[in-house]
$ cat run.txt   # compact mmCIF, C-alpha atoms
# COMPACT_ATOMS: atom_id res chain seq x y z
CA MET A 179 36.86 -23.59 56.31
CA LYS A 180 35.78 -25.75 53.42
CA ILE A 181 33.79 -24.31 50.48
CA ASN A 182 30.95 -26.43 49.18
CA ILE A 183 32.01 -27.07 45.57
CA LYS A 184 28.45 -28.02 44.59
CA ASN A 185 27.09 -24.72 45.88
CA LYS A 186 29.88 -22.83 44.16
CA ARG A 187 29.06 -24.49 40.84
CA GLY A 188 25.36 -23.71 41.31
CA PHE A 189 26.14 -20.06 42.00
CA THR A 190 28.39 -19.85 38.94
CA PHE A 191 25.71 -21.43 36.74
CA THR A 192 23.07 -19.00 38.07
CA LEU A 193 25.40 -16.07 37.47
CA ILE A 194 26.03 -17.17 33.87
CA VAL A 195 22.32 -17.65 33.14
CA THR A 196 21.48 -14.26 34.68
CA SER A 197 24.22 -12.55 32.67
CA ILE A 198 23.06 -14.14 29.43
CA THR A 199 19.44 -13.17 30.16
CA LEU A 200 20.45 -9.57 30.86
CA LEU A 201 22.56 -9.49 27.68
CA ILE A 202 19.62 -10.76 25.62
CA LEU A 203 17.30 -8.16 27.17
CA ILE A 204 19.80 -5.38 26.44
CA ILE A 205 20.16 -6.53 22.82
CA LEU A 206 16.37 -6.64 22.40
CA LEU A 207 15.99 -3.19 23.91
CA LEU A 208 18.70 -1.74 21.69
CA ARG A 209 17.31 -3.43 18.59
CA ASN A 210 13.82 -2.09 19.26
CA ASN A 211 15.05 1.40 20.10
CA VAL A 212 15.06 3.27 16.80
CA MET A 213 15.33 6.81 15.51
CA ILE A 214 12.59 8.35 13.36
CA HIS A 215 13.87 10.11 10.23
CA CYS A 216 10.85 12.12 9.07
CA ASN A 217 8.95 15.08 10.48
CA ASN A 218 5.26 15.35 11.34
CA LEU A 219 4.71 11.61 11.88
CA GLN A 220 1.27 11.21 13.43
CA VAL A 221 0.89 8.92 16.44
CA LYS A 222 -2.42 7.07 16.54
CA SER A 223 -4.39 5.54 19.41
CA GLY A 224 -4.58 2.26 17.48
CA PRO A 225 -2.95 0.40 14.57
CA ASN A 226 -4.61 2.18 11.65
CA ILE A 227 -4.92 5.66 10.19
CA SER A 228 -8.61 5.62 11.14
CA TYR A 229 -7.77 5.88 14.86
CA GLN A 230 -7.50 9.19 16.69
CA THR A 231 -4.26 11.17 16.45
CA THR A 232 -2.76 11.46 19.94
CA GLY A 233 0.58 13.09 19.14
CA LYS A 234 3.30 13.78 16.59
CA ILE A 235 6.92 12.74 16.24
CA ASN A 236 9.64 14.63 14.37
CA ALA A 237 12.94 13.56 12.86
CA GLY A 238 15.59 12.69 15.45
CA THR A 239 13.12 11.34 18.00
CA ARG A 240 13.94 7.92 19.38
CA VAL A 241 11.13 5.46 20.05
CA GLN A 242 11.02 2.10 21.81
CA ILE A 243 8.99 -0.51 19.95
CA LEU A 244 6.82 -2.51 22.35
CA ASN A 245 4.98 -4.76 19.90
CA ARG A 246 3.71 -4.95 16.32
CA GLN A 247 0.20 -5.45 14.97
CA ASP A 248 -1.30 -5.14 11.48
CA ASN A 249 1.88 -3.52 10.05
CA TRP A 250 1.90 -0.90 12.83
CA ASP A 251 4.24 -0.53 15.83
CA ARG A 252 3.17 0.31 19.36
CA VAL A 253 5.90 2.59 20.69
CA VAL A 254 7.01 4.61 23.68
CA TYR A 255 8.11 8.15 22.76
CA ASP A 256 8.97 11.31 24.69
CA HIS A 257 9.96 9.07 27.64
CA SER A 258 6.46 8.00 28.70
CA LYS A 259 3.92 8.52 25.90
CA ILE A 260 2.57 5.46 24.11
CA GLY A 261 0.95 5.23 20.69
CA TRP A 262 0.99 3.57 17.26
CA ILE A 263 3.00 4.45 14.15
CA PRO A 264 3.29 2.71 10.74
CA ASP A 265 5.99 0.03 10.78
CA TRP A 266 7.02 0.87 7.19
CA LEU A 267 7.97 4.42 8.22
CA VAL A 268 10.15 3.44 11.17
CA ASN A 269 13.27 2.86 9.08
CA ASN A 270 12.33 5.06 6.10
CA LYS A 271 15.32 7.38 5.64
CA THR A 272 14.16 9.07 2.41
CA LEU A 273 10.79 10.53 3.45
CA LYS A 274 11.29 14.01 4.89
CA GLU A 275 7.72 14.92 5.84
CA ALA A 276 5.00 12.43 6.76
CA THR A 277 1.43 13.05 5.59
CA ASN A 278 -1.89 11.22 5.78
CA LEU A 279 -0.89 9.48 2.56
CA SER A 280 2.22 8.14 4.28
CA GLU A 281 0.11 6.29 6.83
CA ILE A 282 -1.98 4.10 4.52
CA THR A 283 -1.56 0.69 2.94
CA VAL A 284 -2.71 0.43 -0.68
CA VAL A 285 -3.17 -2.76 -2.68
CA LEU A 286 -2.53 -2.26 -6.39
CA ASP A 287 -3.84 -4.98 -8.68
CA PRO A 288 -2.36 -5.22 -12.20
CA GLY A 289 -5.06 -7.11 -14.05
CA HIS A 290 -4.40 -10.52 -15.65
CA GLY A 291 -0.83 -11.92 -15.88
CA GLY A 292 0.90 -15.21 -16.61
CA SER A 293 -1.37 -17.56 -18.51
CA ASP A 294 -4.09 -14.90 -18.56
CA SER A 295 -3.12 -12.40 -21.26
CA GLY A 296 -6.21 -10.24 -20.93
CA ALA A 297 -7.55 -8.42 -23.98
CA LEU A 298 -5.47 -7.95 -27.13
CA SER A 299 -4.67 -4.92 -29.26
CA THR A 300 -5.16 -5.04 -33.03
CA GLY A 301 -1.48 -6.00 -33.19
CA ASN A 302 -1.94 -8.77 -30.58
CA ASN A 303 -0.24 -6.84 -27.76
CA MET A 304 -1.44 -8.25 -24.44
CA GLU A 305 -3.33 -6.28 -21.81
CA LYS A 306 -1.39 -7.92 -18.97
CA THR A 307 1.81 -6.17 -20.09
CA TYR A 308 0.43 -2.67 -19.73
CA THR A 309 -1.58 -3.17 -16.55
CA LEU A 310 1.67 -4.16 -14.84
CA GLN A 311 3.58 -1.19 -16.28
CA VAL A 312 0.97 1.31 -15.10
CA ALA A 313 0.59 -0.32 -11.67
CA LYS A 314 4.35 -0.25 -11.10
CA LYS A 315 4.46 3.45 -11.93
CA ALA A 316 1.55 4.14 -9.57
CA ALA A 317 3.30 2.12 -6.86
CA LYS A 318 6.45 4.21 -7.28
CA GLN A 319 4.49 7.47 -7.01
CA LEU A 320 2.72 6.34 -3.84
CA GLN A 321 5.86 4.90 -2.25
CA GLU A 322 7.74 8.15 -2.79
CA LYS A 323 5.07 9.79 -0.62
CA GLY A 324 5.61 7.14 2.06
CA ALA A 325 2.59 4.91 1.45
CA ASN A 326 2.86 1.17 2.02
CA VAL A 327 2.11 -0.46 -1.36
CA ILE A 328 1.22 -4.12 -1.83
CA MET A 329 1.09 -5.53 -5.37
CA THR A 330 -1.07 -8.55 -6.22
CA ARG A 331 1.67 -9.31 -8.75
CA ASP A 332 4.94 -7.56 -9.60
CA SER A 333 5.90 -9.77 -12.54
CA ASP A 334 4.28 -11.69 -15.37
CA LYS A 335 2.79 -14.44 -13.25
CA THR A 336 -0.63 -15.99 -12.88
CA VAL A 337 -2.65 -14.80 -9.88
CA SER A 338 -6.06 -16.30 -9.26
CA LEU A 339 -8.91 -13.86 -9.76
CA PHE A 340 -10.52 -15.15 -6.57
CA SER A 341 -7.36 -14.63 -4.48
CA ARG A 342 -6.82 -10.98 -5.41
CA PRO A 343 -9.41 -9.46 -3.03
CA SER A 344 -7.79 -11.27 -0.09
CA PHE A 345 -4.62 -9.19 -0.51
CA SER A 346 -6.41 -6.27 1.13
CA THR A 347 -7.59 -8.34 4.11
CA ASP A 348 -4.30 -10.18 4.57
CA ASN A 349 -2.32 -6.92 4.55
CA ASN A 350 -4.80 -4.77 6.53
CA ALA A 351 -5.03 -2.40 3.58
CA ASN A 352 -6.97 0.85 3.43
CA LEU A 353 -7.59 0.84 -0.33
CA PHE A 354 -7.68 -1.53 -3.32
CA ILE A 355 -7.15 -0.32 -6.91
CA SER A 356 -7.30 -2.65 -9.92
CA PHE A 357 -5.82 -1.63 -13.30
CA HIS A 358 -7.25 -2.82 -16.61
CA PHE A 359 -7.72 -1.83 -20.25
CA ASP A 360 -11.07 -2.17 -21.95
CA SER A 361 -11.90 -3.97 -25.17
CA SER A 362 -14.85 -3.69 -27.56
CA PRO A 363 -16.40 -6.59 -29.52
CA GLU A 364 -15.09 -5.08 -32.76
CA ASN A 365 -11.76 -3.32 -33.20
CA ASN A 366 -11.68 0.48 -33.35
CA THR A 367 -15.30 0.95 -32.29
CA ALA A 368 -14.89 2.38 -28.76
CA SER A 369 -12.53 4.73 -26.96
CA GLY A 370 -11.97 6.31 -23.56
CA PHE A 371 -11.36 5.44 -19.91
CA THR A 372 -13.85 4.57 -17.15
CA SER A 373 -13.67 4.46 -13.34
CA TYR A 374 -15.71 1.62 -11.81
CA TYR A 375 -16.95 1.03 -8.28
CA TYR A 376 -19.19 -1.68 -6.82
CA HIS A 377 -19.92 -0.52 -3.29
CA LYS A 378 -21.48 2.87 -2.76
CA GLY A 379 -20.11 5.14 -0.07
CA LEU A 380 -16.31 5.23 0.20
CA SER A 381 -15.67 3.18 -2.95
CA LEU A 382 -17.78 5.59 -4.98
CA LYS A 383 -15.97 8.49 -3.31
CA LEU A 384 -12.59 6.98 -4.18
CA ALA A 385 -13.64 6.51 -7.81
CA THR A 386 -14.88 10.10 -7.92
CA ASP A 387 -11.74 11.57 -6.33
CA ILE A 388 -9.46 9.74 -8.77
CA ASN A 389 -11.62 10.35 -11.84
CA ARG A 390 -11.63 14.10 -11.14
CA GLN A 391 -7.84 14.16 -11.41
CA MET A 392 -7.87 12.71 -14.92
CA GLU A 393 -8.81 15.80 -16.92
CA ASN A 394 -5.29 15.75 -18.37
CA ILE A 395 -5.69 12.28 -19.90
CA PRO A 396 -5.58 12.59 -23.73
CA ILE A 397 -8.53 10.25 -24.34
CA ASP A 398 -12.22 10.66 -23.54
CA ASN A 399 -13.40 10.38 -19.95
CA ARG A 400 -16.39 8.02 -19.97
CA GLY A 401 -17.05 8.85 -16.32
CA ILE A 402 -17.79 6.82 -13.22
CA GLU A 403 -19.81 3.62 -13.52
CA PHE A 404 -21.12 0.81 -11.34
CA GLY A 405 -19.22 -2.38 -12.17
CA ASN A 406 -20.03 -5.89 -10.97
CA PHE A 407 -16.43 -7.12 -11.01
CA LEU A 408 -15.31 -9.80 -8.55
CA VAL A 409 -12.07 -8.05 -7.59
CA ILE A 410 -13.92 -4.98 -6.31
CA ARG A 411 -17.16 -6.70 -5.31
CA ASP A 412 -15.54 -9.09 -2.81
CA VAL A 413 -13.23 -6.53 -1.20
CA LYS A 414 -14.03 -5.23 2.28
CA VAL A 415 -12.11 -1.96 1.90
CA PRO A 416 -12.84 0.94 -0.50
CA SER A 417 -12.02 -0.42 -3.95
CA ILE A 418 -12.18 0.62 -7.59
CA LEU A 419 -11.34 -0.75 -11.02
CA LEU A 420 -9.83 1.55 -13.65
CA GLU A 421 -10.24 0.79 -17.37
CA MET A 422 -7.63 3.19 -18.75
CA GLY A 423 -8.45 3.03 -22.46
CA TYR A 424 -9.59 0.55 -25.10
CA ILE A 425 -6.66 -1.66 -25.98
CA ASN A 426 -8.20 -2.71 -29.33
CA ASP A 427 -8.68 0.88 -30.44
CA ASP A 428 -5.56 1.96 -32.35
CA ASP A 429 -5.73 5.58 -31.20
CA ASP A 430 -6.17 4.60 -27.55
CA PHE A 431 -3.40 2.01 -27.81
CA LYS A 432 -0.90 4.61 -28.99
CA HIS A 433 -1.42 6.27 -25.62
CA ILE A 434 -1.60 3.04 -23.60
CA GLU A 435 1.87 1.92 -24.71
CA ASN A 436 3.33 5.42 -24.26
CA GLN A 437 5.46 5.83 -21.13
CA GLN A 438 4.35 9.44 -20.62
CA TYR A 439 0.69 8.41 -20.68
CA GLN A 440 1.39 5.75 -18.08
CA GLU A 441 3.23 8.27 -15.89
CA THR A 442 0.28 10.67 -16.17
CA VAL A 443 -2.17 7.98 -15.12
CA ALA A 444 0.05 7.02 -12.19
CA GLN A 445 0.36 10.63 -11.03
CA ASP A 446 -3.40 11.18 -11.32
CA VAL A 447 -4.03 8.06 -9.24
CA GLU A 448 -1.65 9.29 -6.56
CA ASN A 449 -3.27 12.75 -6.54
CA GLY A 450 -6.74 11.21 -6.34
CA VAL A 451 -5.79 8.89 -3.49
CA ASN A 452 -4.22 11.81 -1.66
CA ASN A 453 -7.41 13.86 -1.99
CA TYR A 454 -9.50 10.92 -0.87
CA ILE A 455 -7.35 10.26 2.22
CA ASN A 456 -7.20 13.91 3.26
CA SER A 457 -10.95 14.33 3.00
CA THR A 458 -11.78 11.00 4.67
CA TYR A 459 -9.44 10.93 7.68
$ encode --input "run.txt" --output "structure tokens"
Amino acid sequence: MKINIKNKRGFTFTLIVTSITLLILIILLLRNNVMIHCNNLQVKSGPNISYQTTGKINAGTRVQILNRQDNWDRVVYDHSKIGWIPDWLVNNKTLKEATNLSEITVVLDPGHGGSDSGALSTGNNMEKTYTLQVAKKAAKQLQEKGANVIMTRDSDKTVSLFSRPSFSTDNNANLFISFHFDSSPENNTASGFTSYYYHKGLSLKLATDINRQMENIPIDNRGIEFGNFLVIRDVKVPSILLEMGYINDDDDFKHIENQQYQETVAQDVENGVNNYINSTY
């Protein structure tokens, strides 16, 4: 009996293709099958904290990632349940306990940068230096609690004023916070910090929740004000602008350049955001 060599070759080729396809599928399944490392991770019905909570996942649970959308993963867990979890928490091995704060994306905007120095102190120290220092400290505080933080700049580079609001849209953010330091027309004639909002509603609430945390700031609290600033006017998510002292007031500047002052501001921002998130969602 003669064996058809052509048919044999066709069968071998089909077998090889099938084996390769199966191998690829197995690799994809294994790569998308991950273990969660934190407790109390909320599962949402959609890709955002604003959706309904449909379940919870604890450390040690394995999930199968089906697809990704807007920085969130659609997963299968507990064998047959399906829901959405934040992509940035999937491989987070340092966070022990997830909270509402862990499930948000925050855009932090250090004012000025690069060719734009911002306002100057009486000793010609540039505003852009200190907005970045404070924003980095706030980012660290929020990231330690599991939040996904996006910076409009993380170095001394020029970022267009008009492009900054788009960071929140492009990254499906929940909040936008811009850091600045005020300046008066004449040196040493004004002092204090102010929390600005443009949109009423949630932006005003965010400004209020953060401003209330700042009773420990060693300069005067000038309160919460409406501010017609582009970076918070053209943002579609709750947004505020913080003027954390007058850079051309010598007494204020002593605090502005102080690392402990910056840490205090960063911690107050984190506490305020946490209060806002817990009372909103």
$ atom_distance --input "run.txt" --atom1 "atom CA of A:Tyr229" --atom2 "atom CA of A:Tyr376"
25.6 Å
$ closest_residue --input "run.txt" --among "A:Leu279, A:His377, A:Val327, A:Phe340" --to "A:Gly450" --atoms "only C-alpha atoms"
A:Leu279
$ closest_residue --input "run.txt" --among "A:Ala237, A:Val451, A:Ile395, A:Val285" --to "A:Leu273" --atoms "all atoms listed in the file"
A:Ala237
$ residues_around --input "run.txt" --residues "stretch 387-391 of chain A" --least-positions-apart "3" --cutoff "8 Å" --atoms "all atoms listed in the file" --output "list in words"
Ser373, Lys383, Leu384, Asn394, Gly401, Ile402, Asp446, Val447, Asn449, Gly450, Val451, Asn453 and Tyr454 of chain A
$ write_last_selection --input "run.txt" --atoms "C-alpha atoms" --output "PDB file, in the frame of the given file"
ATOM      1  CA  SER A 373     -13.670   4.460 -13.340  1.00  0.00           C
ATOM      2  CA  LYS A 383     -15.970   8.490  -3.310  1.00  0.00           C
ATOM      3  CA  LEU A 384     -12.590   6.980  -4.180  1.00  0.00           C
ATOM      4  CA  ASN A 394      -5.290  15.750 -18.370  1.00  0.00           C
ATOM      5  CA  GLY A 401     -17.050   8.850 -16.320  1.00  0.00           C
ATOM      6  CA  ILE A 402     -17.790   6.820 -13.220  1.00  0.00           C
ATOM      7  CA  ASP A 446      -3.400  11.180 -11.320  1.00  0.00           C
ATOM      8  CA  VAL A 447      -4.030   8.060  -9.240  1.00  0.00           C
ATOM      9  CA  ASN A 449      -3.270  12.750  -6.540  1.00  0.00           C
ATOM     10  CA  GLY A 450      -6.740  11.210  -6.340  1.00  0.00           C
ATOM     11  CA  VAL A 451      -5.790   8.890  -3.490  1.00  0.00           C
ATOM     12  CA  ASN A 453      -7.410  13.860  -1.990  1.00  0.00           C
ATOM     13  CA  TYR A 454      -9.500  10.920  -0.870  1.00  0.00           C
TER      14      TYR A 454
END
$ residues_around --input "run.txt" --residues "A:Val413" --least-positions-apart "4" --cutoff "9 Å" --atoms "only C-alpha atoms" --output "PDB file with C-alpha atoms, in the frame of the given file"
ATOM      1  CA  ARG A 342      -6.820 -10.980  -5.410  1.00  0.00           C
ATOM      2  CA  PRO A 343      -9.410  -9.460  -3.030  1.00  0.00           C
ATOM      3  CA  SER A 344      -7.790 -11.270  -0.090  1.00  0.00           C
ATOM      4  CA  SER A 346      -6.410  -6.270   1.130  1.00  0.00           C
ATOM      5  CA  THR A 347      -7.590  -8.340   4.110  1.00  0.00           C
ATOM      6  CA  PHE A 354      -7.680  -1.530  -3.320  1.00  0.00           C
ATOM      7  CA  LEU A 408     -15.310  -9.800  -8.550  1.00  0.00           C
ATOM      8  CA  VAL A 409     -12.070  -8.050  -7.590  1.00  0.00           C
ATOM      9  CA  SER A 417     -12.020  -0.420  -3.950  1.00  0.00           C
TER      10      SER A 417
END
$ atom_distance --input "run.txt" --atom1 "atom CA of A:Thr300" --atom2 "atom CA of A:His433"
14.0 Å
$ residues_around --input "run.txt" --residues "A:Tyr424" --least-positions-apart "2" --cutoff "9 Å" --atoms "all atoms listed in the file" --output "ChimeraX atom specification"
/A:299,359-362,366,368-371,421-422,426-431,434
$ write_last_selection --input "run.txt" --atoms "C-alpha atoms" --output "compact mmCIF listing (two decimals), keeping the file's coordinate frame"
# COMPACT_ATOMS: atom_id res chain seq x y z
CA SER A 299 -4.67 -4.92 -29.26
CA PHE A 359 -7.72 -1.83 -20.25
CA ASP A 360 -11.07 -2.17 -21.95
CA SER A 361 -11.90 -3.97 -25.17
CA SER A 362 -14.85 -3.69 -27.56
CA ASN A 366 -11.68 0.48 -33.35
CA ALA A 368 -14.89 2.38 -28.76
CA SER A 369 -12.53 4.73 -26.96
CA GLY A 370 -11.97 6.31 -23.56
CA PHE A 371 -11.36 5.44 -19.91
CA GLU A 421 -10.24 0.79 -17.37
CA MET A 422 -7.63 3.19 -18.75
CA ASN A 426 -8.20 -2.71 -29.33
CA ASP A 427 -8.68 0.88 -30.44
CA ASP A 428 -5.56 1.96 -32.35
CA ASP A 429 -5.73 5.58 -31.20
CA ASP A 430 -6.17 4.60 -27.55
CA PHE A 431 -3.40 2.01 -27.81
CA ILE A 434 -1.60 3.04 -23.60
$ residues_around --input "run.txt" --residues "A:Ala351" --least-positions-apart "4" --cutoff "12 Å" --atoms "only C-alpha atoms" --output "short mmCIF file (atom, residue, chain, number, x, y, z; two decimals) with C-alpha atoms, keeping the file's coordinate frame"
data_model
loop_
_atom_site.label_atom_id
_atom_site.label_comp_id
_atom_site.auth_asym_id
_atom_site.auth_seq_id
_atom_site.Cartn_x
_atom_site.Cartn_y
_atom_site.Cartn_z
CA PRO A 225 -2.95 0.40 14.57
CA ASN A 226 -4.61 2.18 11.65
CA ILE A 227 -4.92 5.66 10.19
CA SER A 228 -8.61 5.62 11.14
CA ASP A 248 -1.30 -5.14 11.48
CA ASN A 249 1.88 -3.52 10.05
CA TRP A 250 1.90 -0.90 12.83
CA GLU A 281 0.11 6.29 6.83
CA ILE A 282 -1.98 4.10 4.52
CA THR A 283 -1.56 0.69 2.94
CA VAL A 284 -2.71 0.43 -0.68
CA VAL A 285 -3.17 -2.76 -2.68
CA LEU A 286 -2.53 -2.26 -6.39
CA ALA A 325 2.59 4.91 1.45
CA ASN A 326 2.86 1.17 2.02
CA VAL A 327 2.11 -0.46 -1.36
CA ILE A 328 1.22 -4.12 -1.83
CA MET A 329 1.09 -5.53 -5.37
CA PRO A 343 -9.41 -9.46 -3.03
CA SER A 344 -7.79 -11.27 -0.09
CA PHE A 345 -4.62 -9.19 -0.51
CA SER A 346 -6.41 -6.27 1.13
CA THR A 347 -7.59 -8.34 4.11
CA ILE A 355 -7.15 -0.32 -6.91
CA VAL A 413 -13.23 -6.53 -1.20
CA LYS A 414 -14.03 -5.23 2.28
CA VAL A 415 -12.11 -1.96 1.90
CA PRO A 416 -12.84 0.94 -0.50
CA SER A 417 -12.02 -0.42 -3.95
#
$ atom_distance --input "run.txt" --atom1 "atom CA of A:Val268" --atom2 "atom CA of A:Gln319"
19.5 Å
$ residues_around --input "run.txt" --residues "A:Lys306" --least-positions-apart "2" --cutoff "9 Å" --atoms "only C-alpha atoms" --output "count of residues only"
18
$ closest_residue --input "run.txt" --among "A:Lys271, A:Asp412, A:Ile235, A:Gln247" --to "A:Lys259" --atoms "all atoms listed in the file"
A:Ile235
$ build_atoms --input "run.txt" --residues "stretch 298-307 of chain A" --atoms "all heavy atoms" --output "mmCIF file, in the frame of the given file"
data_model
loop_
_atom_site.group_PDB
_atom_site.id
_atom_site.type_symbol
_atom_site.label_atom_id
_atom_site.label_comp_id
_atom_site.auth_asym_id
_atom_site.auth_seq_id
_atom_site.Cartn_x
_atom_site.Cartn_y
_atom_site.Cartn_z
ATOM 1 N N LEU A 298 -6.560 -8.143 -26.169
ATOM 2 C CA LEU A 298 -5.470 -7.950 -27.130
ATOM 3 C C LEU A 298 -5.700 -6.697 -27.964
ATOM 4 O O LEU A 298 -6.838 -6.335 -28.283
ATOM 5 C CB LEU A 298 -5.366 -9.163 -28.061
ATOM 6 C CG LEU A 298 -5.080 -10.516 -27.410
ATOM 7 C CD1 LEU A 298 -5.117 -11.607 -28.476
ATOM 8 C CD2 LEU A 298 -3.750 -10.508 -26.683
ATOM 9 N N SER A 299 -4.602 -6.043 -28.326
ATOM 10 C CA SER A 299 -4.670 -4.920 -29.260
ATOM 11 C C SER A 299 -4.850 -5.466 -30.670
ATOM 12 O O SER A 299 -4.791 -6.685 -30.899
ATOM 13 C CB SER A 299 -3.395 -4.082 -29.173
ATOM 14 O OG SER A 299 -2.308 -4.776 -29.773
ATOM 15 N N THR A 300 -5.034 -4.584 -31.634
ATOM 16 C CA THR A 300 -5.160 -5.040 -33.030
ATOM 17 C C THR A 300 -3.873 -5.686 -33.518
ATOM 18 O O THR A 300 -3.884 -6.443 -34.483
ATOM 19 C CB THR A 300 -5.546 -3.873 -33.954
ATOM 20 O OG1 THR A 300 -4.527 -2.862 -33.865
ATOM 21 C CG2 THR A 300 -6.899 -3.288 -33.569
ATOM 22 N N GLY A 301 -2.763 -5.380 -32.843
ATOM 23 C CA GLY A 301 -1.480 -6.000 -33.190
ATOM 24 C C GLY A 301 -1.113 -7.131 -32.261
ATOM 25 O O GLY A 301 0.058 -7.530 -32.187
ATOM 26 N N ASN A 302 -2.113 -7.633 -31.499
ATOM 27 C CA ASN A 302 -1.940 -8.770 -30.580
ATOM 28 C C ASN A 302 -1.022 -8.461 -29.388
ATOM 29 O O ASN A 302 -0.402 -9.372 -28.820
ATOM 30 C CB ASN A 302 -1.426 -10.010 -31.320
ATOM 31 C CG ASN A 302 -2.486 -10.606 -32.239
ATOM 32 O OD1 ASN A 302 -3.666 -10.621 -31.890
ATOM 33 N ND2 ASN A 302 -2.071 -11.055 -33.408
ATOM 34 N N ASN A 303 -0.923 -7.198 -29.003
ATOM 35 C CA ASN A 303 -0.240 -6.840 -27.760
ATOM 36 C C ASN A 303 -1.172 -7.148 -26.585
ATOM 37 O O ASN A 303 -2.361 -6.840 -26.637
ATOM 38 C CB ASN A 303 0.129 -5.357 -27.760
ATOM 39 C CG ASN A 303 1.111 -5.022 -28.859
ATOM 40 O OD1 ASN A 303 2.292 -5.290 -28.752
ATOM 41 N ND2 ASN A 303 0.596 -4.425 -29.938
ATOM 42 N N MET A 304 -0.613 -7.725 -25.529
ATOM 43 C CA MET A 304 -1.440 -8.250 -24.440
ATOM 44 C C MET A 304 -1.686 -7.230 -23.332
ATOM 45 O O MET A 304 -0.783 -6.524 -22.894
ATOM 46 C CB MET A 304 -0.771 -9.500 -23.863
ATOM 47 C CG MET A 304 -0.718 -10.658 -24.854
ATOM 48 S SD MET A 304 0.127 -12.140 -24.216
ATOM 49 C CE MET A 304 1.844 -11.589 -24.327
ATOM 50 N N GLU A 305 -2.915 -7.204 -22.873
ATOM 51 C CA GLU A 305 -3.330 -6.280 -21.810
ATOM 52 C C GLU A 305 -2.472 -6.434 -20.567
ATOM 53 O O GLU A 305 -2.124 -5.444 -19.905
ATOM 54 C CB GLU A 305 -4.801 -6.528 -21.465
ATOM 55 C CG GLU A 305 -5.340 -5.633 -20.353
ATOM 56 C CD GLU A 305 -6.763 -5.986 -19.948
ATOM 57 O OE1 GLU A 305 -7.344 -6.929 -20.551
ATOM 58 O OE2 GLU A 305 -7.278 -5.339 -19.029
ATOM 59 N N LYS A 306 -2.113 -7.665 -20.208
ATOM 60 C CA LYS A 306 -1.390 -7.920 -18.970
ATOM 61 C C LYS A 306 -0.067 -7.152 -18.898
ATOM 62 O O LYS A 306 0.384 -6.782 -17.802
ATOM 63 C CB LYS A 306 -1.108 -9.411 -18.813
ATOM 64 C CG LYS A 306 -0.136 -9.991 -19.855
ATOM 65 C CD LYS A 306 0.200 -11.449 -19.575
ATOM 66 C CE LYS A 306 1.235 -11.987 -20.569
ATOM 67 N NZ LYS A 306 1.603 -13.391 -20.294
ATOM 68 N N THR A 307 0.534 -6.889 -20.056
ATOM 69 C CA THR A 307 1.810 -6.170 -20.090
ATOM 70 C C THR A 307 1.650 -4.747 -19.589
ATOM 71 O O THR A 307 2.464 -4.246 -18.791
ATOM 72 C CB THR A 307 2.373 -6.146 -21.520
ATOM 73 O OG1 THR A 307 2.549 -7.487 -21.970
ATOM 74 C CG2 THR A 307 3.698 -5.396 -21.588
#
